[in-house]
Amino acid sequence: MSQPIQITDSAQDYLAELLEKQNVEGIAVRIFITQPGTPYAETCLAYCRPGEEEPSDEKLSLEKITVYLDKHSVPFLEEAVVDFNADRMGGQLTIKAPNAKMPKVNADSPMEDRVNYILYSEINPGLAAHGGEIKLIQLTEENIAVLQFGGGCQGCAAVDLTLKEGVERTLMERIPELSGIRDVTDHTDTSQAYYR
């Protein structure tokens, strides 16, 4: 598999040095993009101790360091370059990800990717203000997207009307072959919403 991201030798040296200072056996670097495919996309680089990576992460074993790439971020990291420019002040690590803000999904992408893309790029940013987030749990054989409404959306009586309709409309408009959405946290159970 071709590497979606290029990490220059100088950047590898610099990161290897930083990792060494952490004194943690097997520590790696994890690269992910918050709100990929939106104008608010931010490319982030974080320390990743053993066990902190996600099972779905893509692992890059480079000469000097190990890098984990967040699966949802990978399409947006295409042509990305991590570089280190040494200067008198010690230098600066730069990350250029030209595709971070641009959707990399198209009509031929797997439906799951397209659903995720719309959730990540259009729906979740709007919910973040309310502490809500929607995740795709699975696509059924009937092409029903089973979604999990998390955070502030769960058990809220208005969720069915506002959120579900809006989300369903958006997804069905964008992905005509989707037959509908179902909610994994069935909102008829309001016992969790407020305690009597």
# chains A, B, ... in the order shown; residues from 1 in each chain; ligands from 1
>>> closest_atom_pairs(of="range 19-94 of chain A", to="range 121-138 of chain A", cutoff="10 Å", atoms="only C-alpha atoms", output="tab-separated table")
residue	atom	partner	partner_atom	distance
A:Thr34	CA	A:Ser121	CA	9.8
A:Gln35	CA	A:Ser121	CA	6.1
A:Pro36	CA	A:Ser121	CA	6.4
A:Gly37	CA	A:Ser121	CA	5.6
A:Thr38	CA	A:Ser121	CA	5.3
A:Pro39	CA	A:Ser121	CA	8.9
A:Tyr40	CA	A:Pro125	CA	8.8
A:Ala41	CA	A:Ser121	CA	9.0
>>> residues_around(residues="Tyr117 in chain A", least_positions_apart="2", cutoff="9 Å", atoms="only C-alpha atoms", output="VMD selection string")
chain A and resid 36 to 37 72 103 to 105 112 to 115 119 to 122
>>> residues_around(residues="Ala86 in chain A", least_positions_apart="6", cutoff="9 Å", atoms="only C-alpha atoms", output="list of chain:residue names")
A:Ser10, A:Gln92, A:Leu93
>>> closest_residue(among="A:Glu141, A:Glu79, A:Glu168, A:Asp87", to="Ile118 in chain A", atoms="only C-alpha atoms")
A:Glu168
>>> residues_around(residues="Pro4 in chain A", least_positions_apart="2", cutoff="8 Å", atoms="only C-alpha atoms", output="VMD selection string")
chain A and resid 2 6 74 to 75 77 to 80
>>> residues_around(residues="Thr66 in chain A", least_positions_apart="3", cutoff="9 Å", atoms="only C-alpha atoms", output="ChimeraX atom specification")
/A:26-30,59-63
>>> closest_residue(among="A:Ala107, A:Val82, A:Val146, A:Leu163", to="Ile175 in chain A", atoms="only C-alpha atoms")
A:Ala107
>>> select_by_dssp(residues="range 117-151 of chain A", states="strand (DSSP E)", output="ChimeraX atom specification")
/A:132-139,144-151
>>> write_last_selection(atoms="N, CA and C atoms", output="compact mmCIF listing (two decimals), in the first residue's frame")
# COMPACT_ATOMS: atom_id res chain seq x y z
N GLY A 132 -23.32 16.79 21.02
CA GLY A 132 -23.80 15.55 20.42
C GLY A 132 -22.86 15.04 19.35
N GLU A 133 -22.98 13.77 19.05
CA GLU A 133 -22.17 13.22 17.97
C GLU A 133 -22.89 11.98 17.46
N ILE A 134 -22.82 11.76 16.17
CA ILE A 134 -23.47 10.60 15.59
C ILE A 134 -22.41 9.71 14.96
N LYS A 135 -22.51 8.42 15.24
CA LYS A 135 -21.56 7.48 14.65
C LYS A 135 -22.34 6.44 13.86
N LEU A 136 -21.71 5.99 12.78
CA LEU A 136 -22.29 4.88 12.03
C LEU A 136 -21.85 3.59 12.70
N ILE A 137 -22.82 2.79 13.14
CA ILE A 137 -22.48 1.53 13.79
C ILE A 137 -22.40 0.41 12.75
N GLN A 138 -23.37 0.35 11.86
CA GLN A 138 -23.29 -0.65 10.79
C GLN A 138 -24.23 -0.29 9.65
N LEU A 139 -23.97 -0.89 8.52
CA LEU A 139 -24.90 -0.81 7.39
C LEU A 139 -25.53 -2.19 7.27
N ILE A 144 -29.74 -0.09 5.39
CA ILE A 144 -30.19 0.83 6.43
C ILE A 144 -28.96 1.17 7.27
N ALA A 145 -28.75 2.45 7.48
CA ALA A 145 -27.62 2.86 8.30
C ALA A 145 -28.06 2.87 9.76
N VAL A 146 -27.38 2.08 10.57
CA VAL A 146 -27.68 2.06 12.00
C VAL A 146 -26.75 3.06 12.66
N LEU A 147 -27.35 4.10 13.23
CA LEU A 147 -26.56 5.20 13.77
C LEU A 147 -26.66 5.23 15.29
N GLN A 148 -25.59 5.68 15.90
CA GLN A 148 -25.62 5.87 17.34
C GLN A 148 -25.58 7.37 17.61
N PHE A 149 -26.61 7.82 18.29
CA PHE A 149 -26.67 9.24 18.65
C PHE A 149 -26.04 9.36 20.03
N GLY A 150 -24.91 10.04 20.12
CA GLY A 150 -24.21 10.07 21.39
C GLY A 150 -24.24 11.45 22.00
N GLY A 151 -23.67 11.54 23.19
CA GLY A 151 -23.55 12.85 23.85
C GLY A 151 -24.90 13.43 24.18
>>> select_by_dssp(residues="chain A", states="helix (DSSP H, G or I)", output="mmCIF file with N, CA and C atoms, in the first residue's frame")
data_model
loop_
_atom_site.group_PDB
_atom_site.id
_atom_site.type_symbol
_atom_site.label_atom_id
_atom_site.label_comp_id
_atom_site.auth_asym_id
_atom_site.auth_seq_id
_atom_site.Cartn_x
_atom_site.Cartn_y
_atom_site.Cartn_z
ATOM 1 N N ASP A 9 12.913 12.842 6.272
ATOM 2 C CA ASP A 9 13.944 12.308 7.173
ATOM 3 C C ASP A 9 14.165 13.227 8.366
ATOM 4 N N SER A 10 14.183 14.546 8.090
ATOM 5 C CA SER A 10 14.437 15.472 9.194
ATOM 6 C C SER A 10 13.297 15.413 10.214
ATOM 7 N N ALA A 11 12.064 15.243 9.714
ATOM 8 C CA ALA A 11 10.926 15.145 10.627
ATOM 9 C C ALA A 11 11.003 13.848 11.430
ATOM 10 N N GLN A 12 11.418 12.773 10.765
ATOM 11 C CA GLN A 12 11.564 11.504 11.483
ATOM 12 C C GLN A 12 12.623 11.604 12.577
ATOM 13 N N ASP A 13 13.732 12.242 12.242
ATOM 14 C CA ASP A 13 14.794 12.409 13.245
ATOM 15 C C ASP A 13 14.273 13.181 14.448
ATOM 16 N N TYR A 14 13.591 14.267 14.146
ATOM 17 C CA TYR A 14 13.073 15.133 15.207
ATOM 18 C C TYR A 14 12.057 14.383 16.070
ATOM 19 N N LEU A 15 11.137 13.678 15.422
ATOM 20 C CA LEU A 15 10.111 12.936 16.168
ATOM 21 C C LEU A 15 10.738 11.799 16.972
ATOM 22 N N ALA A 16 11.730 11.144 16.370
ATOM 23 C CA ALA A 16 12.394 10.050 17.083
ATOM 24 C C ALA A 16 13.033 10.583 18.372
ATOM 25 N N GLU A 17 13.600 11.776 18.265
ATOM 26 C CA GLU A 17 14.223 12.412 19.431
ATOM 27 C C GLU A 17 13.176 12.716 20.513
ATOM 28 N N LEU A 18 12.060 13.276 20.083
ATOM 29 C CA LEU A 18 10.975 13.587 21.028
ATOM 30 C C LEU A 18 10.464 12.327 21.712
ATOM 31 N N LEU A 19 10.302 11.271 20.913
ATOM 32 C CA LEU A 19 9.769 10.022 21.467
ATOM 33 C C LEU A 19 10.735 9.442 22.490
ATOM 34 N N GLU A 20 12.029 9.565 22.170
ATOM 35 C CA GLU A 20 13.038 9.027 23.081
ATOM 36 C C GLU A 20 12.949 9.703 24.445
ATOM 37 N N LYS A 21 12.698 11.015 24.420
ATOM 38 C CA LYS A 21 12.618 11.780 25.672
ATOM 39 C C LYS A 21 11.440 11.346 26.529
ATOM 40 N N GLN A 22 10.432 10.701 25.917
ATOM 41 C CA GLN A 22 9.264 10.269 26.692
ATOM 42 C C GLN A 22 9.586 9.063 27.572
ATOM 43 N N LYS A 71 -7.937 5.788 10.810
ATOM 44 C CA LYS A 71 -8.532 5.243 9.583
ATOM 45 C C LYS A 71 -9.389 6.281 8.855
ATOM 46 N N HIS A 72 -10.212 7.031 9.591
ATOM 47 C CA HIS A 72 -11.096 7.996 8.928
ATOM 48 C C HIS A 72 -10.309 9.154 8.324
ATOM 49 N N SER A 73 -9.112 9.384 8.860
ATOM 50 C CA SER A 73 -8.316 10.518 8.366
ATOM 51 C C SER A 73 -7.499 10.166 7.130
ATOM 52 N N VAL A 74 -7.261 8.859 6.918
ATOM 53 C CA VAL A 74 -6.338 8.457 5.859
ATOM 54 C C VAL A 74 -6.675 9.069 4.487
ATOM 55 N N PRO A 75 -7.944 9.013 4.039
ATOM 56 C CA PRO A 75 -8.214 9.582 2.710
ATOM 57 C C PRO A 75 -7.864 11.065 2.633
ATOM 58 N N PHE A 76 -7.915 11.745 3.774
ATOM 59 C CA PHE A 76 -7.669 13.190 3.792
ATOM 60 C C PHE A 76 -6.184 13.504 3.970
ATOM 61 N N LEU A 77 -5.400 12.458 4.271
ATOM 62 C CA LEU A 77 -3.961 12.667 4.459
ATOM 63 C C LEU A 77 -3.183 12.431 3.171
ATOM 64 N N MET A 111 -20.253 2.610 0.428
ATOM 65 C CA MET A 111 -21.334 3.386 1.035
ATOM 66 C C MET A 111 -20.994 3.780 2.469
ATOM 67 N N GLU A 112 -20.338 2.874 3.176
ATOM 68 C CA GLU A 112 -19.973 3.159 4.566
ATOM 69 C C GLU A 112 -19.109 4.422 4.653
ATOM 70 N N ASP A 113 -18.153 4.534 3.729
ATOM 71 C CA ASP A 113 -17.278 5.712 3.721
ATOM 72 C C ASP A 113 -18.076 6.974 3.430
ATOM 73 N N ARG A 114 -19.035 6.838 2.523
ATOM 74 C CA ARG A 114 -19.802 8.028 2.165
ATOM 75 C C ARG A 114 -20.699 8.476 3.329
ATOM 76 N N VAL A 115 -21.309 7.485 4.005
ATOM 77 C CA VAL A 115 -22.142 7.832 5.165
ATOM 78 C C VAL A 115 -21.265 8.495 6.227
ATOM 79 N N ASN A 116 -20.116 7.877 6.512
ATOM 80 C CA ASN A 116 -19.211 8.443 7.510
ATOM 81 C C ASN A 116 -18.780 9.843 7.123
ATOM 82 N N TYR A 117 -18.504 10.007 5.828
ATOM 83 C CA TYR A 117 -18.023 11.301 5.376
ATOM 84 C C TYR A 117 -19.064 12.390 5.643
ATOM 85 N N ILE A 118 -20.313 12.085 5.338
ATOM 86 C CA ILE A 118 -21.364 13.091 5.542
ATOM 87 C C ILE A 118 -21.549 13.354 7.041
ATOM 88 N N LEU A 119 -21.492 12.270 7.830
ATOM 89 C CA LEU A 119 -21.617 12.457 9.282
ATOM 90 C C LEU A 119 -20.481 13.340 9.793
ATOM 91 N N TYR A 120 -19.254 13.004 9.389
ATOM 92 C CA TYR A 120 -18.084 13.715 9.914
ATOM 93 C C TYR A 120 -18.018 15.145 9.420
ATOM 94 N N SER A 121 -18.372 15.322 8.132
ATOM 95 C CA SER A 121 -18.103 16.639 7.562
ATOM 96 C C SER A 121 -19.282 17.585 7.702
ATOM 97 N N GLU A 122 -20.512 17.045 7.693
ATOM 98 C CA GLU A 122 -21.645 17.960 7.675
ATOM 99 C C GLU A 122 -22.470 17.924 8.944
ATOM 100 N N ILE A 123 -22.681 16.712 9.453
ATOM 101 C CA ILE A 123 -23.660 16.602 10.528
ATOM 102 C C ILE A 123 -23.041 16.820 11.899
ATOM 103 N N ASN A 124 -21.938 16.115 12.168
ATOM 104 C CA ASN A 124 -21.348 16.236 13.503
ATOM 105 C C ASN A 124 -20.853 17.636 13.862
ATOM 106 N N PRO A 125 -20.226 18.366 12.927
ATOM 107 C CA PRO A 125 -19.777 19.707 13.323
ATOM 108 C C PRO A 125 -20.921 20.562 13.864
ATOM 109 N N GLY A 126 -22.116 20.384 13.292
ATOM 110 C CA GLY A 126 -23.271 21.153 13.764
ATOM 111 C C GLY A 126 -23.768 20.692 15.118
ATOM 112 N N LEU A 127 -23.532 19.419 15.420
ATOM 113 C CA LEU A 127 -24.006 18.890 16.699
ATOM 114 C C LEU A 127 -23.017 19.140 17.811
ATOM 115 N N ALA A 128 -21.775 19.364 17.427
ATOM 116 C CA ALA A 128 -20.728 19.480 18.438
ATOM 117 C C ALA A 128 -21.067 20.568 19.449
ATOM 118 N N ALA A 157 -36.146 13.847 23.951
ATOM 119 C CA ALA A 157 -37.420 13.609 23.267
ATOM 120 C C ALA A 157 -37.445 14.272 21.899
ATOM 121 N N ALA A 158 -36.730 15.369 21.766
ATOM 122 C CA ALA A 158 -36.759 16.091 20.496
ATOM 123 C C ALA A 158 -35.903 15.407 19.446
ATOM 124 N N VAL A 159 -35.120 14.413 19.887
ATOM 125 C CA VAL A 159 -34.134 13.857 18.964
ATOM 126 C C VAL A 159 -34.800 13.254 17.734
ATOM 127 N N ASP A 160 -35.917 12.556 17.958
ATOM 128 C CA ASP A 160 -36.547 11.896 16.826
ATOM 129 C C ASP A 160 -36.951 12.903 15.772
ATOM 130 N N LEU A 161 -37.606 13.956 16.232
ATOM 131 C CA LEU A 161 -38.137 14.907 15.278
ATOM 132 C C LEU A 161 -37.029 15.659 14.603
ATOM 133 N N THR A 162 -36.207 16.323 15.397
ATOM 134 C CA THR A 162 -35.249 17.231 14.786
ATOM 135 C C THR A 162 -34.133 16.462 14.133
ATOM 136 N N LEU A 163 -33.421 15.750 14.960
ATOM 137 C CA LEU A 163 -32.175 15.184 14.505
ATOM 138 C C LEU A 163 -32.388 14.105 13.472
ATOM 139 N N LYS A 164 -33.249 13.158 13.833
ATOM 140 C CA LYS A 164 -33.378 12.003 12.967
ATOM 141 C C LYS A 164 -33.868 12.422 11.592
ATOM 142 N N GLU A 165 -34.868 13.307 11.588
ATOM 143 C CA GLU A 165 -35.383 13.752 10.292
ATOM 144 C C GLU A 165 -34.312 14.456 9.494
ATOM 145 N N GLY A 166 -33.618 15.367 10.167
ATOM 146 C CA GLY A 166 -32.582 16.136 9.470
ATOM 147 C C GLY A 166 -31.471 15.245 8.956
ATOM 148 N N VAL A 167 -31.034 14.337 9.824
ATOM 149 C CA VAL A 167 -29.927 13.462 9.453
ATOM 150 C C VAL A 167 -30.362 12.534 8.328
ATOM 151 N N GLU A 168 -31.561 11.989 8.483
ATOM 152 C CA GLU A 168 -32.049 11.056 7.472
ATOM 153 C C GLU A 168 -32.192 11.771 6.126
ATOM 154 N N ARG A 169 -32.756 12.981 6.171
ATOM 155 C CA ARG A 169 -32.956 13.725 4.929
ATOM 156 C C ARG A 169 -31.603 13.994 4.260
ATOM 157 N N THR A 170 -30.658 14.464 5.060
ATOM 158 C CA THR A 170 -29.338 14.772 4.497
ATOM 159 C C THR A 170 -28.710 13.525 3.881
ATOM 160 N N LEU A 171 -28.722 12.435 4.646
ATOM 161 C CA LEU A 171 -28.071 11.223 4.154
ATOM 162 C C LEU A 171 -28.780 10.669 2.919
ATOM 163 N N MET A 172 -30.109 10.678 2.936
ATOM 164 C CA MET A 172 -30.847 10.099 1.809
ATOM 165 C C MET A 172 -30.678 10.954 0.548
ATOM 166 N N GLU A 173 -30.555 12.264 0.768
ATOM 167 C CA GLU A 173 -30.330 13.140 -0.396
ATOM 168 C C GLU A 173 -28.983 12.841 -1.036
ATOM 169 N N ARG A 174 -27.981 12.685 -0.163
ATOM 170 C CA ARG A 174 -26.618 12.498 -0.671
ATOM 171 C C ARG A 174 -26.390 11.088 -1.188
#
>>> residues_around(residues="Ile31 in chain A", least_positions_apart="6", cutoff="6 Å", atoms="only C-alpha atoms", output="ChimeraX atom specification")
/A:44-45,69
>>> atom_distance(atom1="CA of Val81 in chain A", atom2="CA of Thr94 in chain A")
8.0 Å
>>> decode(residues="range 112-142 of chain A", atoms="N, CA and C atoms", output="CSV table (one decimal), in the first residue's frame")
chain,number,residue,atom,x,y,z
A,112,GLU,N,-20.3,2.9,3.2
A,112,GLU,CA,-20.0,3.2,4.6
A,112,GLU,C,-19.1,4.4,4.7
A,113,ASP,N,-18.2,4.5,3.7
A,113,ASP,CA,-17.3,5.7,3.7
A,113,ASP,C,-18.1,7.0,3.4
A,114,ARG,N,-19.0,6.8,2.5
A,114,ARG,CA,-19.8,8.0,2.2
A,114,ARG,C,-20.7,8.5,3.3
A,115,VAL,N,-21.3,7.5,4.0
A,115,VAL,CA,-22.1,7.8,5.2
A,115,VAL,C,-21.3,8.5,6.2
A,116,ASN,N,-20.1,7.9,6.5
A,116,ASN,CA,-19.2,8.4,7.5
A,116,ASN,C,-18.8,9.8,7.1
A,117,TYR,N,-18.5,10.0,5.8
A,117,TYR,CA,-18.0,11.3,5.4
A,117,TYR,C,-19.1,12.4,5.6
A,118,ILE,N,-20.3,12.1,5.3
A,118,ILE,CA,-21.4,13.1,5.5
A,118,ILE,C,-21.5,13.4,7.0
A,119,LEU,N,-21.5,12.3,7.8
A,119,LEU,CA,-21.6,12.5,9.3
A,119,LEU,C,-20.5,13.3,9.8
A,120,TYR,N,-19.3,13.0,9.4
A,120,TYR,CA,-18.1,13.7,9.9
A,120,TYR,C,-18.0,15.1,9.4
A,121,SER,N,-18.4,15.3,8.1
A,121,SER,CA,-18.1,16.6,7.6
A,121,SER,C,-19.3,17.6,7.7
A,122,GLU,N,-20.5,17.0,7.7
A,122,GLU,CA,-21.6,18.0,7.7
A,122,GLU,C,-22.5,17.9,8.9
A,123,ILE,N,-22.7,16.7,9.5
A,123,ILE,CA,-23.7,16.6,10.5
A,123,ILE,C,-23.0,16.8,11.9
A,124,ASN,N,-21.9,16.1,12.2
A,124,ASN,CA,-21.3,16.2,13.5
A,124,ASN,C,-20.9,17.6,13.9
A,125,PRO,N,-20.2,18.4,12.9
A,125,PRO,CA,-19.8,19.7,13.3
A,125,PRO,C,-20.9,20.6,13.9
A,126,GLY,N,-22.1,20.4,13.3
A,126,GLY,CA,-23.3,21.2,13.8
A,126,GLY,C,-23.8,20.7,15.1
A,127,LEU,N,-23.5,19.4,15.4
A,127,LEU,CA,-24.0,18.9,16.7
A,127,LEU,C,-23.0,19.1,17.8
A,128,ALA,N,-21.8,19.4,17.4
A,128,ALA,CA,-20.7,19.5,18.4
A,128,ALA,C,-21.1,20.6,19.4
A,129,ALA,N,-21.7,21.6,19.0
A,129,ALA,CA,-22.1,22.7,19.9
A,129,ALA,C,-23.0,22.2,21.0
A,130,HIS,N,-23.8,21.2,20.7
A,130,HIS,CA,-24.7,20.7,21.7
A,130,HIS,C,-24.2,19.5,22.4
A,131,GLY,N,-22.9,19.2,22.2
A,131,GLY,CA,-22.3,18.1,22.8
A,131,GLY,C,-22.7,16.7,22.2
A,132,GLY,N,-23.3,16.8,21.0
A,132,GLY,CA,-23.8,15.5,20.4
A,132,GLY,C,-22.9,15.0,19.4
A,133,GLU,N,-23.0,13.8,19.1
A,133,GLU,CA,-22.2,13.2,18.0
A,133,GLU,C,-22.9,12.0,17.5
A,134,ILE,N,-22.8,11.8,16.2
A,134,ILE,CA,-23.5,10.6,15.6
A,134,ILE,C,-22.4,9.7,15.0
A,135,LYS,N,-22.5,8.4,15.2
A,135,LYS,CA,-21.6,7.5,14.7
A,135,LYS,C,-22.3,6.4,13.9
A,136,LEU,N,-21.7,6.0,12.8
A,136,LEU,CA,-22.3,4.9,12.0
A,136,LEU,C,-21.9,3.6,12.7
A,137,ILE,N,-22.8,2.8,13.1
A,137,ILE,CA,-22.5,1.5,13.8
A,137,ILE,C,-22.4,0.4,12.8
A,138,GLN,N,-23.4,0.4,11.9
A,138,GLN,CA,-23.3,-0.7,10.8
A,138,GLN,C,-24.2,-0.3,9.7
A,139,LEU,N,-24.0,-0.9,8.5
A,139,LEU,CA,-24.9,-0.8,7.4
A,139,LEU,C,-25.5,-2.2,7.3
A,140,THR,N,-26.8,-2.3,7.3
A,140,THR,CA,-27.5,-3.6,7.2
A,140,THR,C,-27.5,-4.0,5.7
A,141,GLU,N,-27.9,-5.3,5.5
A,141,GLU,CA,-28.0,-5.7,4.1
A,141,GLU,C,-29.1,-5.0,3.4
A,142,GLU,N,-30.0,-4.5,4.1
A,142,GLU,CA,-31.1,-3.7,3.4
A,142,GLU,C,-30.7,-2.3,3.2
